[in-house]
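These notes concern the structure reproduced below.
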Protein chains: 2
Amino acid sequence: MRMTEARTPRRRTGKADPETDEAIYRAILRAIMEGKLKAGTKLVENPLARIFKVSRERIRKVLHRLGAERRLEMIPNRGARVPRPTLDDVRSVYEAHRVLEAGVLVQLIRVLDDKLLTRLDAHLAEERAAANRADRANSVRLSGAFHLHLVDALGNADLSRFLRDLLSRSSVMVSVYEPATQSICAVDEHGAIVDALRARDVARAIDVSREHFLHVEARLRLEKDASASEDLAAIFGHGSDRQSGAVRLHRKSPDRRGTRASLQHPESR
Amino acid sequence: MRMTEARTPRRRTGKADPETDEAIYRAILRAIMEGKLKAGTKLVENPLARIFKVSRERIRKVLHRLGAERRLEMIPNRGARVPRPTLDDVRSVYEAHRVLEAGVLVQLIRVLDDKLLTRLDAHLAEERAAANRADRANSVRLSGAFHLHLVDALGNADLSRFLRDLLSRSSVMVSVYEPATQSICAVDEHGAIVDALRARDVARAIDVSREHFLHVEARLRLEKDASASEDLAAIFGHGSDRQSGAVRLHRKSPDRRGTRASLQHPESR
DNA sequence: GCCGTGCCAAATGTGCACATTTCTTTATTT
DNA sequence: AAATAAAGAAATGTGCACATTTGGCACGGC
């Protein structure tokens with residue numbers, strides 16, 4: 001019973017140095033969601049292949065997957081870029097989130113227990129602490145996590161995935177239509193939702209949630225144009241043996257940084 | 001070089017002869033949603049490439065896209081197959097649909113007008129007609145279309161896309177866990193939802209919708225094993241002019257007792 | 001001086017060939 | 001005779017090379 005292990009199947013693309021598809025996918029997706037890749041940034045295949053030290057085809061596959069998920073904009077023969085959400089997109093995403101959360105609250109009343117309420121309270125405390133520290137990055141993250149908590153409490157993978165999709169897109173929007181100073185979600189409004197849940201008052205919970213999203217949406221304002229060049233190597237943090245320093249993409253329109261991105265044509269013409 | 005010279009009319013002639021990626025994608029997706037491709041069917045790249053008369057790489061790209069959308073199950077080094085939903089998947093999809101529709105109804109009350117009610121009434125009449133004709137195929141289709149109408153009335157592309165995703169998965173489930181005789185959605189229950197909407201009674205609409213989904217879910221029962229062979233050429237309808245016979249995939253017995261592949265087209269390579 | 005046209009470089013899309021993995025079949029041993 | 005392992009076949013995954021398209025740039029005409 002000798003197992004034929006004598007083949008020495010040297011893993012060409014093993015987990016040694018070159019990253020696997022999933023790792024590359026997650027790296028790019030995270031960069032988009034964290035706002036490191038700003039809207040309008042062009043993702044060119046060859047530089048990315050060099051950065052991740054994989055072949056171009058690997059990058060291509062990941063880019064196409066992201067494009068199919070509408071997280072990248074794929075223009076035939078012109079490559080992939082981070083989409084610039086329009087104001088209608090913003091409205092659509094927030095409306096979708098609002099509608100979804102209304103349904104979630106209806107169902108949540110049925111599965112609500114003290115343990116969940118305790119967890120939500122703990123989360124609110126975290127949010128308040130971050131807000132008091134003026135820790136904006138964590139505030140934004142925790143604000144999204146609150147709504148994620150609500151959905152995850154239902155234990156439905158499809159609903160959770162849908163909300164995650166919405167949140168990932170709103171992250172990009174935050175980086176584009178950035179509110180001036182305030183945090184994205186007011187902690188008190190989150191607290192009001194939990195209060196209504198504790199009172200098992202569905203109608204009030206839905207109302208509070210609805211008002212909350214309308215506030216958030218109203219806070220978003222058109223701010224800055226982010227079509228400048230990006231240092232991809234720095235974003236993806238491959239600084240260990242980054243061969244030639246920063247790999248920069250082409251600077252397409254050097255002087256297009258308007259004070260206000262008035263949703264001008266995405267193509268300079 | 002003048003670019004207006006006559007080029008070889010191989011490509012860029014629109015979608016004339018070789019099907020474009022989108023066409024192949026839609027063809028396969030439609031086959032899945034209509035239940036022509038049953039759960040467990042293995043989608044082998046080379047036969048598909050011959051059927052659609054495109055290169056294998058084209059098929060591969062489409063298959064990967066479908067896999068990223070969770071509409072196909074991609075097993076590494078083993079190819080793609082139509083996923084067999086588990087009973088938990090069924091529960092998850094119907095619960096997601098139920099939760100989403102609750103939120104939709106909350107919002108729908110605000111945008112409700114007579115024109116929409118009229119359209120819904122017309123749709124109900126269509127459904128009843130199909131049910132009376134015992135036209136099961138159309139009944140199933142119209143049942144899904146009813147819920148799509150509700151979401152589409154909100155005019156939110158994200159919500160509509162999410163529901164379409166859910167419906168596409170429940171279509172596969174219907175083909176697997178097929179109810180014995182009845183139609184999937186009772187038309188009367190749809191009518192009750194419209195009645196509640198007409199009365200602007202949100203709570204009742206949500207209740208009726210919820211009960212409706214629970215009924216539908218309860219009706220689904222485990223029935224048959226659908227891993228039999230599939231005639232892909234017939235499904236995709238590419239056999240009229242040139243293909244003399246059916247290109248069959250491996251014929252696999254339901255109990256995995258594999259006979260030799262009965263390929264009617266010899267592998268000339 | 002401005003605009004249209006034609007060429008060049010770069011980036012993307014596609015086909016092909018090969019490597020790798022898995023499944024099937026067959027033969028050999030206990 | 002049954003079980004197991006080795007060999008062979010088939011299907012998938014990947015890298016490479018080439019074709020095609022696009023955008024920029026320069027030159028010349030109006």
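Order determines the names: the first chain of the structure tokens is A, the second B, and so forth; residues in each chain are numbered 1 upward, and ligands are numbered 1 upward as they are shown.
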Check: which chain C residues lie within 10 Å of chain B using only C-alpha atoms (C1' of nucleotides), as a PDB file with N, CA and C atoms (P, O5', C5', C4', C3', O3' and C1' of nucleotides), in the first residue's frame:
```
ATOM      1  P    DG C   6      -6.989  59.621 -44.171  1.00  0.00           P
ATOM      2  O5'  DG C   6      -5.545  59.086 -43.775  1.00  0.00           O
ATOM      3  C5'  DG C   6      -4.394  59.825 -44.165  1.00  0.00           C
ATOM      4  C4'  DG C   6      -3.245  59.535 -43.228  1.00  0.00           C
ATOM      5  C3'  DG C   6      -3.016  58.052 -42.919  1.00  0.00           C
ATOM      6  O3'  DG C   6      -1.642  57.741 -43.009  1.00  0.00           O
ATOM      7  C1'  DG C   6      -3.201  59.248 -40.913  1.00  0.00           C
ATOM      8  P    DC C   7      -1.178  56.242 -43.100  1.00  0.00           P
ATOM      9  O5'  DC C   7      -0.229  56.095 -41.825  1.00  0.00           O
ATOM     10  C5'  DC C   7       0.961  56.871 -41.770  1.00  0.00           C
ATOM     11  C4'  DC C   7       1.476  56.955 -40.340  1.00  0.00           C
ATOM     12  C3'  DC C   7       1.894  55.616 -39.710  1.00  0.00           C
ATOM     13  O3'  DC C   7       3.165  55.764 -39.106  1.00  0.00           O
ATOM     14  C1'  DC C   7       0.403  56.741 -38.275  1.00  0.00           C
ATOM     15  P    DT C  14     -12.665  38.410 -26.742  1.00  0.00           P
ATOM     16  O5'  DT C  14     -11.667  37.408 -27.468  1.00  0.00           O
ATOM     17  C5'  DT C  14     -11.129  37.769 -28.727  1.00  0.00           C
ATOM     18  C4'  DT C  14     -10.175  36.687 -29.222  1.00  0.00           C
ATOM     19  C3'  DT C  14     -10.582  35.254 -28.849  1.00  0.00           C
ATOM     20  O3'  DT C  14     -10.413  34.433 -29.996  1.00  0.00           O
ATOM     21  C1'  DT C  14      -8.377  35.664 -28.156  1.00  0.00           C
ATOM     22  P    DG C  15     -11.229  33.064 -30.069  1.00  0.00           P
ATOM     23  O5'  DG C  15     -10.093  32.077 -30.611  1.00  0.00           O
ATOM     24  C5'  DG C  15      -9.242  32.515 -31.644  1.00  0.00           C
ATOM     25  C4'  DG C  15      -7.890  31.836 -31.545  1.00  0.00           C
ATOM     26  C3'  DG C  15      -7.962  30.314 -31.325  1.00  0.00           C
ATOM     27  O3'  DG C  15      -7.065  29.677 -32.220  1.00  0.00           O
ATOM     28  C1'  DG C  15      -6.599  31.306 -29.670  1.00  0.00           C
ATOM     29  P    DT C  20       3.233  20.516 -14.106  1.00  0.00           P
ATOM     30  O5'  DT C  20       1.768  20.281 -13.541  1.00  0.00           O
ATOM     31  C5'  DT C  20       0.875  21.392 -13.427  1.00  0.00           C
ATOM     32  C4'  DT C  20      -0.484  20.909 -12.964  1.00  0.00           C
ATOM     33  C3'  DT C  20      -0.461  19.684 -12.054  1.00  0.00           C
ATOM     34  O3'  DT C  20      -1.334  19.899 -10.974  1.00  0.00           O
ATOM     35  C1'  DT C  20      -1.909  19.298 -13.860  1.00  0.00           C
ATOM     36  P    DT C  21      -1.231  18.990  -9.656  1.00  0.00           P
ATOM     37  O5'  DT C  21      -2.754  18.586  -9.423  1.00  0.00           O
ATOM     38  C5'  DT C  21      -3.784  19.502  -9.774  1.00  0.00           C
ATOM     39  C4'  DT C  21      -5.033  18.753 -10.231  1.00  0.00           C
ATOM     40  C3'  DT C  21      -5.342  17.499  -9.407  1.00  0.00           C
ATOM     41  O3'  DT C  21      -6.650  17.597  -8.871  1.00  0.00           O
ATOM     42  C1'  DT C  21      -5.482  17.041 -11.722  1.00  0.00           C
ATOM     43  P    DT C  22      -7.129  16.546  -7.791  1.00  0.00           P
ATOM     44  O5'  DT C  22      -8.252  15.723  -8.587  1.00  0.00           O
ATOM     45  C5'  DT C  22      -9.158  16.417  -9.422  1.00  0.00           C
ATOM     46  C4'  DT C  22      -9.884  15.442 -10.340  1.00  0.00           C
ATOM     47  C3'  DT C  22     -10.358  14.148  -9.666  1.00  0.00           C
ATOM     48  O3'  DT C  22     -11.669  13.848 -10.097  1.00  0.00           O
ATOM     49  C1'  DT C  22      -9.068  13.618 -11.540  1.00  0.00           C
ATOM     50  P    DC C  23     -12.581  12.868  -9.234  1.00  0.00           P
ATOM     51  O5'  DC C  23     -13.084  11.844 -10.352  1.00  0.00           O
ATOM     52  C5'  DC C  23     -13.513  12.343 -11.612  1.00  0.00           C
ATOM     53  C4'  DC C  23     -13.394  11.259 -12.679  1.00  0.00           C
ATOM     54  C3'  DC C  23     -13.897   9.876 -12.238  1.00  0.00           C
ATOM     55  O3'  DC C  23     -14.676   9.297 -13.279  1.00  0.00           O
ATOM     56  C1'  DC C  23     -11.688   9.703 -13.041  1.00  0.00           C
ATOM     57  P    DT C  24     -15.505   7.978 -12.988  1.00  0.00           P
ATOM     58  O5'  DT C  24     -14.892   6.965 -14.048  1.00  0.00           O
ATOM     59  C5'  DT C  24     -14.533   7.441 -15.346  1.00  0.00           C
ATOM     60  C4'  DT C  24     -13.677   6.404 -16.067  1.00  0.00           C
ATOM     61  C3'  DT C  24     -14.095   4.950 -15.822  1.00  0.00           C
ATOM     62  O3'  DT C  24     -14.090   4.250 -17.062  1.00  0.00           O
ATOM     63  C1'  DT C  24     -11.820   5.218 -15.288  1.00  0.00           C
TER      64       DT C  24
END
```
Could you make a table, as CSV, of the residues of chain B that have an atom within 6 Å of an atom of chain A, each with its nearest atom pair and distance in Å to one decimal, counting only C-alpha atoms, in chain and number order?
```
residue,atom,partner,partner_atom,distance
B:Ser92,CA,A:Asn156,CA,5.9
B:Ala96,CA,A:Leu159,CA,5.8
B:Val99,CA,A:Gly103,CA,4.7
B:Leu100,CA,A:Gly103,CA,5.5
B:Ala102,CA,A:Gly103,CA,4.7
B:Gly103,CA,A:Gly103,CA,3.9
B:Val104,CA,A:Val99,CA,5.9
B:Asn156,CA,A:Ser92,CA,5.9
B:Leu159,CA,A:Ala96,CA,5.8
```
Could those residues be written to a file, using C-alpha atoms, as a tab-separated table (two decimals), in the first residue's frame?
```tsv
chain	number	residue	atom	x	y	z
B	92	SER	CA	-32.98	30.69	2.85
B	96	ALA	CA	-35.04	36.24	1.95
B	99	VAL	CA	-38.22	39.61	4.23
B	100	LEU	CA	-37.52	41.61	1.13
B	102	ALA	CA	-42.14	42.94	3.57
B	103	GLY	CA	-39.85	45.90	3.10
B	104	VAL	CA	-41.09	46.40	-0.43
B	156	ASN	CA	-35.05	50.61	-7.71
B	159	LEU	CA	-33.84	45.79	-5.33
```
May I ask you to extract the residues of chain D within 10 Å of chain A, using only C-alpha atoms (C1' of nucleotides), and to give them as a count of residues only? 9
If you measure from atom CA of B:His147 to atom CA of B:Glu217, what distance in Å do you get, rounded to one decimal? 15.1 Å
Just list the residues in stretch 77-166 of chain A DSSP gives alpha helix (DSSP H) on the backbone, as JSON, numbers by chain. {"A": [87, 88, 89, 90, 91, 92, 93, 94, 95, 96, 97, 98, 99, 100, 101, 102, 103, 104, 105, 106, 107, 108, 109, 110, 111, 114, 115, 116, 117, 118, 119, 120, 121, 122, 123, 124, 125, 126, 127, 128, 129, 130, 131, 132, 136, 137, 138, 139, 140, 141, 142, 143, 144, 145, 146, 147, 148, 149, 150, 151, 152, 157, 158, 159, 160, 161, 162, 163, 164, 165, 166]}
Those residues you just picked out, can you put them in a file as a PDB file, in the first residue's frame with C-alpha atoms?
```pdb
ATOM      1  CA  LEU A  87     -26.216  60.685  -7.349  1.00  0.00           C
ATOM      2  CA  ASP A  88     -28.901  58.367  -8.619  1.00  0.00           C
ATOM      3  CA  ASP A  89     -26.753  55.437  -7.597  1.00  0.00           C
ATOM      4  CA  VAL A  90     -26.485  56.905  -4.148  1.00  0.00           C
ATOM      5  CA  ARG A  91     -30.214  57.267  -3.909  1.00  0.00           C
ATOM      6  CA  SER A  92     -30.741  53.759  -5.196  1.00  0.00           C
ATOM      7  CA  VAL A  93     -28.385  52.158  -2.726  1.00  0.00           C
ATOM      8  CA  TYR A  94     -29.756  53.998   0.254  1.00  0.00           C
ATOM      9  CA  GLU A  95     -33.311  53.351  -0.780  1.00  0.00           C
ATOM     10  CA  ALA A  96     -32.527  49.670  -1.201  1.00  0.00           C
ATOM     11  CA  HIS A  97     -30.940  49.589   2.206  1.00  0.00           C
ATOM     12  CA  ARG A  98     -33.918  51.334   3.698  1.00  0.00           C
ATOM     13  CA  VAL A  99     -36.402  48.941   2.122  1.00  0.00           C
ATOM     14  CA  LEU A 100     -34.368  45.920   3.068  1.00  0.00           C
ATOM     15  CA  GLU A 101     -33.983  47.013   6.649  1.00  0.00           C
ATOM     16  CA  ALA A 102     -37.719  47.562   6.972  1.00  0.00           C
ATOM     17  CA  GLY A 103     -38.238  43.939   6.029  1.00  0.00           C
ATOM     18  CA  VAL A 104     -35.446  42.853   8.317  1.00  0.00           C
ATOM     19  CA  LEU A 105     -37.024  44.654  11.252  1.00  0.00           C
ATOM     20  CA  VAL A 106     -40.357  42.973  10.627  1.00  0.00           C
ATOM     21  CA  GLN A 107     -38.712  39.591  10.824  1.00  0.00           C
ATOM     22  CA  LEU A 108     -36.335  40.573  13.580  1.00  0.00           C
ATOM     23  CA  ILE A 109     -39.188  41.156  15.997  1.00  0.00           C
ATOM     24  CA  ARG A 110     -39.976  37.447  15.768  1.00  0.00           C
ATOM     25  CA  VAL A 111     -36.502  36.214  16.613  1.00  0.00           C
ATOM     26  CA  ASP A 114     -32.280  39.355  25.259  1.00  0.00           C
ATOM     27  CA  LYS A 115     -28.989  38.030  24.010  1.00  0.00           C
ATOM     28  CA  LEU A 116     -29.347  39.902  20.759  1.00  0.00           C
ATOM     29  CA  LEU A 117     -30.358  43.080  22.537  1.00  0.00           C
ATOM     30  CA  THR A 118     -27.299  42.773  24.735  1.00  0.00           C
ATOM     31  CA  ARG A 119     -25.074  42.393  21.727  1.00  0.00           C
ATOM     32  CA  LEU A 120     -26.620  45.416  20.087  1.00  0.00           C
ATOM     33  CA  ASP A 121     -26.131  47.441  23.239  1.00  0.00           C
ATOM     34  CA  ALA A 122     -22.490  46.458  23.309  1.00  0.00           C
ATOM     35  CA  HIS A 123     -22.137  47.533  19.732  1.00  0.00           C
ATOM     36  CA  LEU A 124     -23.754  50.861  20.443  1.00  0.00           C
ATOM     37  CA  ALA A 125     -21.283  51.412  23.259  1.00  0.00           C
ATOM     38  CA  GLU A 126     -18.460  50.736  20.848  1.00  0.00           C
ATOM     39  CA  GLU A 127     -19.900  53.197  18.405  1.00  0.00           C
ATOM     40  CA  ARG A 128     -20.268  55.853  21.032  1.00  0.00           C
ATOM     41  CA  ALA A 129     -16.707  55.349  22.173  1.00  0.00           C
ATOM     42  CA  ALA A 130     -15.408  55.754  18.646  1.00  0.00           C
ATOM     43  CA  ALA A 131     -17.539  58.835  18.137  1.00  0.00           C
ATOM     44  CA  ASN A 132     -16.258  60.372  21.349  1.00  0.00           C
ATOM     45  CA  ARG A 136     -13.775  58.763  12.077  1.00  0.00           C
ATOM     46  CA  ALA A 137     -12.479  55.661  10.324  1.00  0.00           C
ATOM     47  CA  ASN A 138     -13.815  53.362  12.989  1.00  0.00           C
ATOM     48  CA  SER A 139     -17.031  55.311  13.220  1.00  0.00           C
ATOM     49  CA  VAL A 140     -17.756  54.704   9.591  1.00  0.00           C
ATOM     50  CA  ARG A 141     -16.872  51.064   9.876  1.00  0.00           C
ATOM     51  CA  LEU A 142     -18.954  50.522  12.987  1.00  0.00           C
ATOM     52  CA  SER A 143     -21.902  52.339  11.511  1.00  0.00           C
ATOM     53  CA  GLY A 144     -22.023  49.860   8.700  1.00  0.00           C
ATOM     54  CA  ALA A 145     -21.428  47.013  11.090  1.00  0.00           C
ATOM     55  CA  PHE A 146     -24.514  47.985  13.064  1.00  0.00           C
ATOM     56  CA  HIS A 147     -26.798  47.401  10.135  1.00  0.00           C
ATOM     57  CA  LEU A 148     -24.888  44.266   9.343  1.00  0.00           C
ATOM     58  CA  HIS A 149     -25.569  43.062  12.862  1.00  0.00           C
ATOM     59  CA  LEU A 150     -29.270  43.469  12.341  1.00  0.00           C
ATOM     60  CA  VAL A 151     -29.274  41.405   9.175  1.00  0.00           C
ATOM     61  CA  ASP A 152     -26.893  38.781  10.453  1.00  0.00           C
ATOM     62  CA  ALA A 157     -26.892  34.161   4.125  1.00  0.00           C
ATOM     63  CA  ASP A 158     -28.669  35.632   1.118  1.00  0.00           C
ATOM     64  CA  LEU A 159     -29.862  38.681   2.992  1.00  0.00           C
ATOM     65  CA  SER A 160     -26.479  39.211   4.585  1.00  0.00           C
ATOM     66  CA  ARG A 161     -24.771  38.986   1.220  1.00  0.00           C
ATOM     67  CA  PHE A 162     -27.132  41.485  -0.293  1.00  0.00           C
ATOM     68  CA  LEU A 163     -26.545  43.979   2.476  1.00  0.00           C
ATOM     69  CA  ARG A 164     -22.801  43.519   2.227  1.00  0.00           C
ATOM     70  CA  ASP A 165     -23.071  44.293  -1.442  1.00  0.00           C
ATOM     71  CA  LEU A 166     -24.950  47.477  -0.698  1.00  0.00           C
TER      72      LEU A 166
END
```
Non-local contacts of A:Arg30 (12 Å; only C-alpha atoms (C1' of nucleotides); under 2 positions in same chain excluded) as a list in words: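 Listing them by chain and then by number gives Glu22, Ala23, Ile24, Tyr25, Arg26, Ala27, Ile28, Ile32, Met33, Glu34, Gly35, Lys36, Leu37, Lys38, Leu66, Arg71, Ser168, Arg169, Ser171, Val172, Ile235 and Phe236 of chain A.
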Output file for the selection above: N, CA and C atoms, as a PDB file, in the first residue's frame:
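Output (part26.pdb):
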```pdb
ATOM      1  N   GLU A  22      -8.313  34.162  -5.040  1.00  0.00           N
ATOM      2  CA  GLU A  22      -9.165  34.714  -3.996  1.00  0.00           C
ATOM      3  C   GLU A  22      -8.459  35.830  -3.236  1.00  0.00           C
ATOM      4  N   ALA A  23      -7.166  35.663  -3.013  1.00  0.00           N
ATOM      5  CA  ALA A  23      -6.432  36.691  -2.279  1.00  0.00           C
ATOM      6  C   ALA A  23      -6.392  37.986  -3.087  1.00  0.00           C
ATOM      7  N   ILE A  24      -6.136  37.850  -4.375  1.00  0.00           N
ATOM      8  CA  ILE A  24      -6.100  39.047  -5.208  1.00  0.00           C
ATOM      9  C   ILE A  24      -7.462  39.710  -5.243  1.00  0.00           C
ATOM     10  N   TYR A  25      -8.487  38.863  -5.393  1.00  0.00           N
ATOM     11  CA  TYR A  25      -9.848  39.395  -5.420  1.00  0.00           C
ATOM     12  C   TYR A  25     -10.143  40.178  -4.149  1.00  0.00           C
ATOM     13  N   ARG A  26      -9.807  39.568  -3.017  1.00  0.00           N
ATOM     14  CA  ARG A  26     -10.105  40.241  -1.764  1.00  0.00           C
ATOM     15  C   ARG A  26      -9.280  41.509  -1.593  1.00  0.00           C
ATOM     16  N   ALA A  27      -8.057  41.469  -2.059  1.00  0.00           N
ATOM     17  CA  ALA A  27      -7.198  42.643  -1.913  1.00  0.00           C
ATOM     18  C   ALA A  27      -7.783  43.825  -2.684  1.00  0.00           C
ATOM     19  N   ILE A  28      -8.185  43.564  -3.918  1.00  0.00           N
ATOM     20  CA  ILE A  28      -8.726  44.664  -4.713  1.00  0.00           C
ATOM     21  C   ILE A  28     -10.062  45.112  -4.145  1.00  0.00           C
ATOM     22  N   ILE A  32     -11.130  48.789  -2.718  1.00  0.00           N
ATOM     23  CA  ILE A  32     -12.266  49.583  -3.173  1.00  0.00           C
ATOM     24  C   ILE A  32     -13.136  49.974  -1.990  1.00  0.00           C
ATOM     25  N   MET A  33     -13.432  48.990  -1.144  1.00  0.00           N
ATOM     26  CA  MET A  33     -14.347  49.261  -0.039  1.00  0.00           C
ATOM     27  C   MET A  33     -13.757  50.227   0.970  1.00  0.00           C
ATOM     28  N   GLU A  34     -12.462  50.190   1.145  1.00  0.00           N
ATOM     29  CA  GLU A  34     -11.859  51.093   2.116  1.00  0.00           C
ATOM     30  C   GLU A  34     -11.568  52.461   1.527  1.00  0.00           C
ATOM     31  N   GLY A  35     -11.905  52.612   0.281  1.00  0.00           N
ATOM     32  CA  GLY A  35     -11.715  53.903  -0.334  1.00  0.00           C
ATOM     33  C   GLY A  35     -10.298  54.187  -0.776  1.00  0.00           C
ATOM     34  N   LYS A  36      -9.442  53.165  -0.662  1.00  0.00           N
ATOM     35  CA  LYS A  36      -8.078  53.410  -1.126  1.00  0.00           C
ATOM     36  C   LYS A  36      -8.045  53.583  -2.639  1.00  0.00           C
ATOM     37  N   LEU A  37      -8.849  52.782  -3.300  1.00  0.00           N
ATOM     38  CA  LEU A  37      -8.999  52.960  -4.743  1.00  0.00           C
ATOM     39  C   LEU A  37     -10.167  53.899  -4.960  1.00  0.00           C
ATOM     40  N   LYS A  38      -9.883  55.067  -5.398  1.00  0.00           N
ATOM     41  CA  LYS A  38     -10.959  56.040  -5.531  1.00  0.00           C
ATOM     42  C   LYS A  38     -11.679  55.872  -6.854  1.00  0.00           C
ATOM     43  N   LEU A  66     -14.887  40.950 -10.799  1.00  0.00           N
ATOM     44  CA  LEU A  66     -15.323  42.177 -10.150  1.00  0.00           C
ATOM     45  C   LEU A  66     -16.255  42.967 -11.064  1.00  0.00           C
ATOM     46  N   ARG A  71     -18.702  45.770  -9.419  1.00  0.00           N
ATOM     47  CA  ARG A  71     -17.832  46.539  -8.535  1.00  0.00           C
ATOM     48  C   ARG A  71     -16.755  47.246  -9.325  1.00  0.00           C
ATOM     49  N   SER A 168     -20.774  47.749   0.450  1.00  0.00           N
ATOM     50  CA  SER A 168     -19.538  47.943  -0.301  1.00  0.00           C
ATOM     51  C   SER A 168     -19.689  49.068  -1.301  1.00  0.00           C
ATOM     52  N   ARG A 169     -20.889  49.202  -1.843  1.00  0.00           N
ATOM     53  CA  ARG A 169     -21.038  50.281  -2.797  1.00  0.00           C
ATOM     54  C   ARG A 169     -21.165  51.632  -2.100  1.00  0.00           C
ATOM     55  N   SER A 171     -19.664  52.420   0.474  1.00  0.00           N
ATOM     56  CA  SER A 171     -18.329  52.827   0.891  1.00  0.00           C
ATOM     57  C   SER A 171     -17.674  53.679  -0.176  1.00  0.00           C
ATOM     58  N   VAL A 172     -17.789  53.246  -1.418  1.00  0.00           N
ATOM     59  CA  VAL A 172     -17.211  54.036  -2.498  1.00  0.00           C
ATOM     60  C   VAL A 172     -17.847  55.404  -2.548  1.00  0.00           C
ATOM     61  N   ILE A 235      -0.916  51.110  -2.503  1.00  0.00           N
ATOM     62  CA  ILE A 235      -2.242  50.745  -2.014  1.00  0.00           C
ATOM     63  C   ILE A 235      -2.284  49.286  -1.604  1.00  0.00           C
ATOM     64  N   PHE A 236      -1.724  48.440  -2.436  1.00  0.00           N
ATOM     65  CA  PHE A 236      -1.808  47.017  -2.150  1.00  0.00           C
ATOM     66  C   PHE A 236      -0.672  46.545  -1.253  1.00  0.00           C
TER      67      PHE A 236
END
```
Would you mind telling me which residue in C:DG13, C:DA27, C:DG4, C:DA19 lies nearest to D:DA7 when using only C-alpha atoms (C1' of nucleotides)?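 Among the listed residues, the smallest separation from D:DA7 belongs to C:DA27.
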Who sits within 12 Å of D:DA1, only C-alpha atoms (C1' of nucleotides), same chain under 2 positions skipped, as a list of chain:residue names: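 Using only C-alpha atoms (C1' of nucleotides), the neighbours found are C:DT29, C:DT30, D:DA3.
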All strand (DSSP E or B) residues (DSSP, backbone) inside stretch 1-208 of chain A, as a VMD selection string: chain A and resid 42 to 43 73 to 75 79 to 81
Could you please take those selected residues and save C-alpha atoms as a tab-separated table (two decimals), in the first residue's frame?
```
chain	number	residue	atom	x	y	z
A	42	LYS	CA	-8.11	52.86	-13.96
A	43	LEU	CA	-6.94	49.34	-13.19
A	73	GLU	CA	-16.75	49.15	-14.68
A	74	MET	CA	-15.55	47.14	-17.64
A	75	ILE	CA	-15.33	49.05	-20.88
A	79	GLY	CA	-10.06	48.17	-19.44
A	80	ALA	CA	-11.47	48.33	-15.95
A	81	ARG	CA	-11.95	51.26	-13.68
```
